[in-house]
Amino acid sequence: MEILRLEGVTVKFGGLVAVNKVDLHMDQGEILALIGPNGAGKTTLFNLLTGIYSPTSGTVFYKQQPVNKLKPYERVDLGIARTFQNIRLIKNMTVLENVLVAHKGCNSESVWRSMFLTSKTKQQRQNVVADCMEVLKIVGLDSKIDELAGNLPYGEQRLLEIARAMATKCRLLLLDEPAAGMNSQEKKQLVDVIRNLSKTYNVEILIIEHDIRMVMSIADRVVVLEHGEKIAEGIGPEVQNNPKVIKAYLGEDI
Amino acid sequence: MVNYELSFWLALPAAAIVSGFFGFLLGTPVMRLKGDYLGIVTLGFGEIVRLIFVNWIDLTNGPMGIPAIPSPSVGGYTLTSNSDFYYLVLVITVVSVFIIRRIVQSGFGLNLLTVREDEIAAESIGIRPTRYKLLAFTIGALFAGVAGALFAVTAMFVSPDSFQYVESVNILAMVVLGGTGSIAGSVLGATILTVAPEILRFISDYRMILLGLVIVLMMVYKPSGFWGESKRKRNFFGKTGGYQDGNLTAGGSYGQVRGTGRG
Ligand SMILES: Nc1ncnc2c1ncn2[C@@H]1O[C@H](COP(=O)(O)OP(=O)(O)OP(=O)(O)O)[C@@H](O)[C@H]1O
Ligand SMILES: [Mg+2]
């Protein structure tokens, strides 16, 4: 079943065409990698999918439903969540709080329920905490719940962002360069986490990544962007040997 | 209370609701503004309200004010002495602090913090920034209404002069001095700015200059105030059960929920 579909999507910033008539689709259970040189429009595409920008033209369909007009928080309710290339954790909140606040059971708690704090509410909170602990366990941060997010090393902040996105109970997870700044050991752990999320939790994953070895090892399919245009698409080796892609990456180690 | 012989205990929530409602009304259009601009609009609104009070003679008796506001009574006993009023204010303050603490230490409070720190991050985890900004504004106005009601019965007289622009500034100074983002800080700031002018009476005319100086120095050297927002040590939303130091101890709620056979 098709989970995501873009039809002729264009995003312009003034005269600059950041995303140019891109068609794209994602199937259920898929891990799709989005690659391309710096400034190709990858992050812009994510901002478009999450509703931070809306397309200048074209349509985004999520589960067959057009979502062009939906706000970011409405898309979260539909099951789209993301991480950011420039990490956007709440640095002065604890690790656990960063995850809690993404959980519907926590962030939809009403003022009344907070004020009266019945034993039922307490029990609900207990369940939310347990839920979030489980997510933190997947990314291996369950032993650091009371640390401030801003005090974590870079690699762990990226993992925490993944945990936060998962806490929204998303169906489609968008990861913007999750391995940036990680050493090879951490990258290995990240690959395991991503595989686990895909298999155990059945989330579709769209990942932007520059490390081509990592892309080849986890992606079911690869889409290549350059200057906002989709220049290639296919399974790993196909794309890797595509002359257009080699040309786009010339000078970079592909 | 004066015109309709309403009990204080009805007038108090009425004041809170009316204030909250106007906070909501004012908040709706101005939520797009940020920082200083938002502050300017609220101060401006305060002036507008004061001018309306001066001119709406039928309701407010204009600049003459409303005299002889009756004292509240508790179970047949009418509050008269200063200490009676002290306890009234104390009780209501304690209750307010309790309620505000509950509000801050909740999912709702975490949402507010997230929106304050990063609206884009908030939106991308399903929080509506404008909604929470508006609610914060409304709740603030609600408690201002409570304070207003207390002021009226304690002073037994209100006129537009009681709500000069400097009053708003004074309240703002309490928060800045005590420390933003902290309930204890606000209480401390309010105490200091209420007590200090009394203690400093002997230097009469210079005390305001002195206070101004202290506030300026504070903003330069310790912008977090005397008792600002504290570093968070652990979440207050819910207990993590038997989950400590990364080890699951027997009987922890986490173990039970996970069904790992420990429950
Ligand atoms: N808000 C914006 N306003 C104007 N131009 C923008 C904006 N956001 C992105 N751009 C431009 O759009 C183009 C694509 O940027 P984008 O961030 O999507 O690239 P990217 O593929 O994510 O690159 P990188 O690999 O460096 O992260 C760039 O030329 C960028 O300068
Ligand atoms: Mg990018």
# chains A, B, ... in the order shown; residues from 1 in each chain; ligands from 1

$ closest_atom_pairs --of "chain A" --to "chain B" --cutoff "6 Å" --atoms "only C-alpha atoms" --output "CSV"
residue,atom,partner,partner_atom,distance
A:Pro72,CA,B:Glu123,CA,5.6
A:Tyr73,CA,B:Gly126,CA,4.0
A:Val76,CA,B:Gly126,CA,5.3
A:Glu97,CA,B:Asn235,CA,5.9
A:Ala102,CA,B:Ile125,CA,5.1
A:Cys106,CA,B:Gly107,CA,4.7
A:Asn107,CA,B:Gly107,CA,5.2
A:Glu109,CA,B:Gly107,CA,5.6
A:Ser114,CA,B:Ile103,CA,5.7
A:Met115,CA,B:Arg102,CA,5.3
A:Arg125,CA,B:Gly238,CA,5.6
A:Gln126,CA,B:Gly238,CA,5.7
A:Ala130,CA,B:Tyr254,CA,5.2
A:Ser143,CA,B:Gly246,CA,4.0
A:Asp146,CA,B:Arg234,CA,4.7

$ write_last_selection --atoms "N, CA, C and O atoms" --output "tab-separated table (two decimals), in the first residue's frame"
chain	number	residue	atom	x	y	z
A	72	PRO	N	1.68	21.82	10.75
A	72	PRO	CA	2.58	20.79	11.28
A	72	PRO	C	1.95	19.93	12.38
A	72	PRO	O	2.05	18.71	12.34
A	73	TYR	N	1.27	20.59	13.36
A	73	TYR	CA	0.73	19.79	14.47
A	73	TYR	C	-0.41	18.89	14.02
A	73	TYR	O	-0.65	17.84	14.61
A	76	VAL	N	1.20	15.82	12.62
A	76	VAL	CA	1.66	14.92	13.68
A	76	VAL	C	0.51	13.99	14.08
A	76	VAL	O	0.70	12.79	14.27
A	97	GLU	N	11.69	14.31	29.86
A	97	GLU	CA	10.68	15.34	29.58
A	97	GLU	C	10.59	15.64	28.09
A	97	GLU	O	9.50	15.86	27.56
A	102	ALA	N	6.24	14.95	23.82
A	102	ALA	CA	5.83	14.57	22.47
A	102	ALA	C	4.70	13.54	22.50
A	102	ALA	O	4.09	13.25	21.48
A	106	CYS	N	0.57	13.11	27.30
A	106	CYS	CA	1.16	14.19	28.11
A	106	CYS	C	0.78	15.55	27.54
A	106	CYS	O	0.27	16.40	28.27
A	107	ASN	N	0.99	15.75	26.24
A	107	ASN	CA	0.79	17.11	25.73
A	107	ASN	C	-0.67	17.47	25.46
A	107	ASN	O	-0.98	18.60	25.12
A	109	GLU	N	-2.86	16.82	27.96
A	109	GLU	CA	-3.43	16.90	29.31
A	109	GLU	C	-4.01	18.30	29.52
A	109	GLU	O	-3.34	19.30	29.29
A	114	SER	N	-4.68	18.75	35.10
A	114	SER	CA	-3.42	19.07	35.78
A	114	SER	C	-3.70	19.63	37.16
A	114	SER	O	-3.04	19.30	38.13
A	115	MET	N	-4.74	20.48	37.24
A	115	MET	CA	-5.03	21.18	38.48
A	115	MET	C	-5.58	20.22	39.53
A	115	MET	O	-5.18	20.27	40.68
A	125	ARG	N	-0.64	9.24	33.82
A	125	ARG	CA	0.72	9.74	33.69
A	125	ARG	C	1.71	8.60	33.81
A	125	ARG	O	2.71	8.54	33.08
A	126	GLN	N	1.42	7.71	34.73
A	126	GLN	CA	2.29	6.55	34.93
A	126	GLN	C	2.42	5.75	33.63
A	126	GLN	O	3.51	5.33	33.26
A	130	ALA	N	5.76	5.14	31.31
A	130	ALA	CA	6.20	3.80	30.94
A	130	ALA	C	6.36	3.68	29.43
A	130	ALA	O	7.34	3.11	28.93
A	143	SER	N	19.06	5.04	30.52
A	143	SER	CA	19.81	5.24	31.77
A	143	SER	C	20.15	6.71	31.99
A	143	SER	O	20.83	7.05	32.95
A	146	ASP	N	17.28	11.56	33.53
A	146	ASP	CA	17.24	12.79	34.31
A	146	ASP	C	18.32	13.80	33.92
A	146	ASP	O	18.47	14.84	34.55

$ residues_near_ligand --ligand "ligand 1" --cutoff "7 Å" --atoms "only C-alpha atoms and all ligand atoms" --output "PyMOL selection string"
chain A and resi 13+16+18+36-45

$ select_by_dssp --residues "segment 145-185 of chain B" --states "helix (DSSP H, G or I)" --output "ChimeraX atom specification"
/B:145-155,160-163,165-178,183-185

$ write_last_selection --atoms "C-alpha atoms" --output "mmCIF file, in the first residue's frame"
data_model
loop_
_atom_site.group_PDB
_atom_site.id
_atom_site.type_symbol
_atom_site.label_atom_id
_atom_site.label_comp_id
_atom_site.auth_asym_id
_atom_site.auth_seq_id
_atom_site.Cartn_x
_atom_site.Cartn_y
_atom_site.Cartn_z
ATOM 1 C CA GLY B 145 -8.366 39.296 38.622
ATOM 2 C CA VAL B 146 -7.996 37.484 41.940
ATOM 3 C CA ALA B 147 -5.327 39.987 42.984
ATOM 4 C CA GLY B 148 -7.600 42.864 41.978
ATOM 5 C CA ALA B 149 -10.476 41.541 44.062
ATOM 6 C CA LEU B 150 -8.181 41.182 47.073
ATOM 7 C CA PHE B 151 -6.878 44.677 46.564
ATOM 8 C CA ALA B 152 -10.388 46.113 46.424
ATOM 9 C CA VAL B 153 -11.569 44.587 49.696
ATOM 10 C CA THR B 154 -8.312 45.323 51.498
ATOM 11 C CA ALA B 155 -8.195 48.967 50.442
ATOM 12 C CA PRO B 160 -8.812 54.517 38.299
ATOM 13 C CA ASP B 161 -5.839 56.048 40.100
ATOM 14 C CA SER B 162 -5.222 52.714 41.794
ATOM 15 C CA PHE B 163 -4.325 51.269 38.415
ATOM 16 C CA TYR B 165 0.777 52.618 34.573
ATOM 17 C CA VAL B 166 3.422 52.482 37.314
ATOM 18 C CA GLU B 167 1.490 49.667 38.998
ATOM 19 C CA SER B 168 1.989 47.473 35.932
ATOM 20 C CA VAL B 169 5.643 48.413 35.891
ATOM 21 C CA ASN B 170 5.925 47.646 39.576
ATOM 22 C CA ILE B 171 4.458 44.177 39.126
ATOM 23 C CA LEU B 172 6.764 43.533 36.189
ATOM 24 C CA ALA B 173 9.714 44.672 38.322
ATOM 25 C CA MET B 174 8.712 42.167 41.024
ATOM 26 C CA VAL B 175 8.972 39.323 38.548
ATOM 27 C CA VAL B 176 12.236 40.525 37.029
ATOM 28 C CA LEU B 177 13.838 41.098 40.404
ATOM 29 C CA GLY B 178 12.642 37.848 41.929
ATOM 30 C CA ILE B 183 7.099 30.788 41.444
ATOM 31 C CA ALA B 184 9.392 31.277 44.429
ATOM 32 C CA GLY B 185 11.106 34.106 42.563
#

$ atom_distance --atom1 "atom CA of Ala136 of chain B" --atom2 "atom CA of Met31 of chain B"
10.7 Å

$ closest_residue --among "A:Ala165, A:Val245, A:Asp211, A:Met93" --to "Glu226 of chain A" --atoms "only C-alpha atoms"
A:Val245

$ select_by_dssp --residues "segment 33-172 of chain B" --states "strand (DSSP E or B)" --output "JSON list (two decimals) with C-alpha atoms, in the first residue's frame"
[["chain", "number", "residue", "atom", "x", "y", "z"],
["B", 66, "ILE", "CA", -15.93, 53.35, 44.37],
["B", 73, "SER", "CA", -16.94, 37.72, 56.04],
["B", 74, "VAL", "CA", -16.10, 34.16, 56.89],
["B", 77, "TYR", "CA", -17.38, 36.82, 61.12],
["B", 78, "THR", "CA", -16.61, 40.02, 59.24],
["B", 158, "VAL", "CA", -10.86, 51.58, 44.23]]

$ atom_distance --atom1 "atom CA of Ile162 of chain A" --atom2 "atom CA of Thr83 of chain A"
6.2 Å

$ residues_around --residues "Met64 of chain B" --least-positions-apart "3" --cutoff "10 Å" --atoms "only C-alpha atoms" --output "list in words"
Val54, Ile57, Thr60, Asn61, Pro67, Phe157, Val158, Ser159, Pro160 and Asp161 of chain B

$ residues_around --residues "Asn242 of chain A" --least-positions-apart "2" --cutoff "12 Å" --atoms "only C-alpha atoms" --output "MDAnalysis selection string"
chainID A and resid 222:224 231:240 244:249 254

$ residues_around --residues "Val60 of chain A" --least-positions-apart "6" --cutoff "9 Å" --atoms "only C-alpha atoms" --output "VMD selection string"
chain A and resid 4 to 9 48 to 49 66 to 68

$ write_last_selection --atoms "N, CA, C and O atoms" --output "tab-separated table (two decimals), in the first residue's frame"
chain	number	residue	atom	x	y	z
A	4	LEU	N	2.83	7.43	1.06
A	4	LEU	CA	3.14	8.83	0.76
A	4	LEU	C	3.30	9.01	-0.75
A	4	LEU	O	3.83	8.14	-1.43
A	5	ARG	N	2.81	10.15	-1.23
A	5	ARG	CA	2.92	10.40	-2.66
A	5	ARG	C	3.04	11.90	-2.92
A	5	ARG	O	2.26	12.69	-2.40
A	6	LEU	N	4.05	12.26	-3.69
A	6	LEU	CA	4.21	13.67	-4.08
A	6	LEU	C	3.96	13.76	-5.58
A	6	LEU	O	4.50	12.95	-6.34
A	7	GLU	N	3.14	14.72	-6.00
A	7	GLU	CA	2.88	14.89	-7.42
A	7	GLU	C	3.30	16.28	-7.87
A	7	GLU	O	2.70	17.28	-7.49
A	8	GLY	N	4.37	16.34	-8.65
A	8	GLY	CA	4.85	17.60	-9.23
A	8	GLY	C	5.03	18.70	-8.21
A	8	GLY	O	4.62	19.84	-8.43
A	9	VAL	N	5.67	18.38	-7.11
A	9	VAL	CA	5.78	19.35	-6.02
A	9	VAL	C	6.94	20.33	-6.25
A	9	VAL	O	8.07	19.92	-6.52
A	48	LEU	N	8.50	20.58	3.80
A	48	LEU	CA	7.27	20.53	3.03
A	48	LEU	C	6.38	19.38	3.52
A	48	LEU	O	5.17	19.54	3.69
A	49	LEU	N	6.99	18.25	3.78
A	49	LEU	CA	6.22	17.09	4.24
A	49	LEU	C	5.65	17.31	5.63
A	49	LEU	O	4.58	16.79	5.95
A	66	PRO	N	-4.89	14.41	0.44
A	66	PRO	CA	-4.01	15.58	0.24
A	66	PRO	C	-3.79	16.32	1.57
A	66	PRO	O	-4.75	16.54	2.30
A	67	VAL	N	-2.56	16.65	1.87
A	67	VAL	CA	-2.27	17.28	3.16
A	67	VAL	C	-1.64	18.65	3.02
A	67	VAL	O	-1.19	19.24	4.01
A	68	ASN	N	-1.63	19.19	1.78
A	68	ASN	CA	-1.00	20.49	1.53
A	68	ASN	C	-1.34	21.55	2.56
A	68	ASN	O	-0.50	22.35	2.94

$ atom_distance --atom1 "atom CA of Ile48 of chain B" --atom2 "atom CA of Leu26 of chain B"
11.9 Å

$ closest_residue --among "A:Glu156, A:Glu209, A:Asp131, A:Glu147" --to "ligand 2" --atoms "only C-alpha atoms and all ligand atoms"
A:Glu209

$ residues_around --residues "Ile215 of chain B" --least-positions-apart "3" --cutoff "10 Å" --atoms "only C-alpha atoms" --output "PyMOL selection string"
chain B and resi 173-174+176-177+209-212+218-223+225

$ write_last_selection --atoms "N, CA and C atoms" --output "mmCIF file, in the first residue's frame"
data_model
loop_
_atom_site.group_PDB
_atom_site.id
_atom_site.type_symbol
_atom_site.label_atom_id
_atom_site.label_comp_id
_atom_site.auth_asym_id
_atom_site.auth_seq_id
_atom_site.Cartn_x
_atom_site.Cartn_y
_atom_site.Cartn_z
ATOM 1 N N ALA B 173 8.432 44.593 37.618
ATOM 2 C CA ALA B 173 9.714 44.672 38.322
ATOM 3 C C ALA B 173 9.829 43.573 39.379
ATOM 4 N N MET B 174 8.702 43.249 40.034
ATOM 5 C CA MET B 174 8.712 42.167 41.024
ATOM 6 C C MET B 174 9.177 40.860 40.389
ATOM 7 N N VAL B 176 10.862 40.454 37.527
ATOM 8 C CA VAL B 176 12.236 40.525 37.029
ATOM 9 C C VAL B 176 13.237 40.398 38.173
ATOM 10 N N LEU B 177 12.938 41.092 39.259
ATOM 11 C CA LEU B 177 13.838 41.098 40.404
ATOM 12 C C LEU B 177 13.875 39.720 41.064
ATOM 13 N N ILE B 209 14.817 55.857 43.478
ATOM 14 C CA ILE B 209 16.011 55.881 42.646
ATOM 15 C C ILE B 209 16.871 54.667 42.965
ATOM 16 N N LEU B 210 16.992 54.378 44.269
ATOM 17 C CA LEU B 210 17.784 53.246 44.706
ATOM 18 C C LEU B 210 17.220 51.933 44.135
ATOM 19 N N LEU B 211 15.901 51.787 44.238
ATOM 20 C CA LEU B 211 15.279 50.569 43.719
ATOM 21 C C LEU B 211 15.487 50.434 42.215
ATOM 22 N N GLY B 212 15.350 51.574 41.529
ATOM 23 C CA GLY B 212 15.570 51.579 40.078
ATOM 24 C C GLY B 212 16.968 51.099 39.755
ATOM 25 N N MET B 218 20.559 44.459 38.437
ATOM 26 C CA MET B 218 20.102 43.072 38.377
ATOM 27 C C MET B 218 20.007 42.605 36.931
ATOM 28 N N MET B 219 19.401 43.449 36.091
ATOM 29 C CA MET B 219 19.205 43.047 34.704
ATOM 30 C C MET B 219 20.534 42.893 33.986
ATOM 31 N N VAL B 220 21.525 43.689 34.407
ATOM 32 C CA VAL B 220 22.823 43.607 33.743
ATOM 33 C C VAL B 220 23.624 42.408 34.246
ATOM 34 N N TYR B 221 23.676 42.259 35.579
ATOM 35 C CA TYR B 221 24.592 41.251 36.130
ATOM 36 C C TYR B 221 23.933 39.916 36.477
ATOM 37 N N LYS B 222 22.643 39.915 36.728
ATOM 38 C CA LYS B 222 22.018 38.642 37.069
ATOM 39 C C LYS B 222 20.598 38.609 36.505
ATOM 40 N N PRO B 223 20.501 38.523 35.185
ATOM 41 C CA PRO B 223 19.194 38.658 34.535
ATOM 42 C C PRO B 223 18.193 37.586 34.978
ATOM 43 N N GLY B 225 17.460 36.997 37.947
ATOM 44 C CA GLY B 225 16.828 37.423 39.194
ATOM 45 C C GLY B 225 17.411 36.726 40.404
#

$ closest_residue --among "A:Leu152, A:Ile31, A:Leu159, A:Ile207" --to "Glu177 of chain A" --atoms "only C-alpha atoms"
A:Ile207
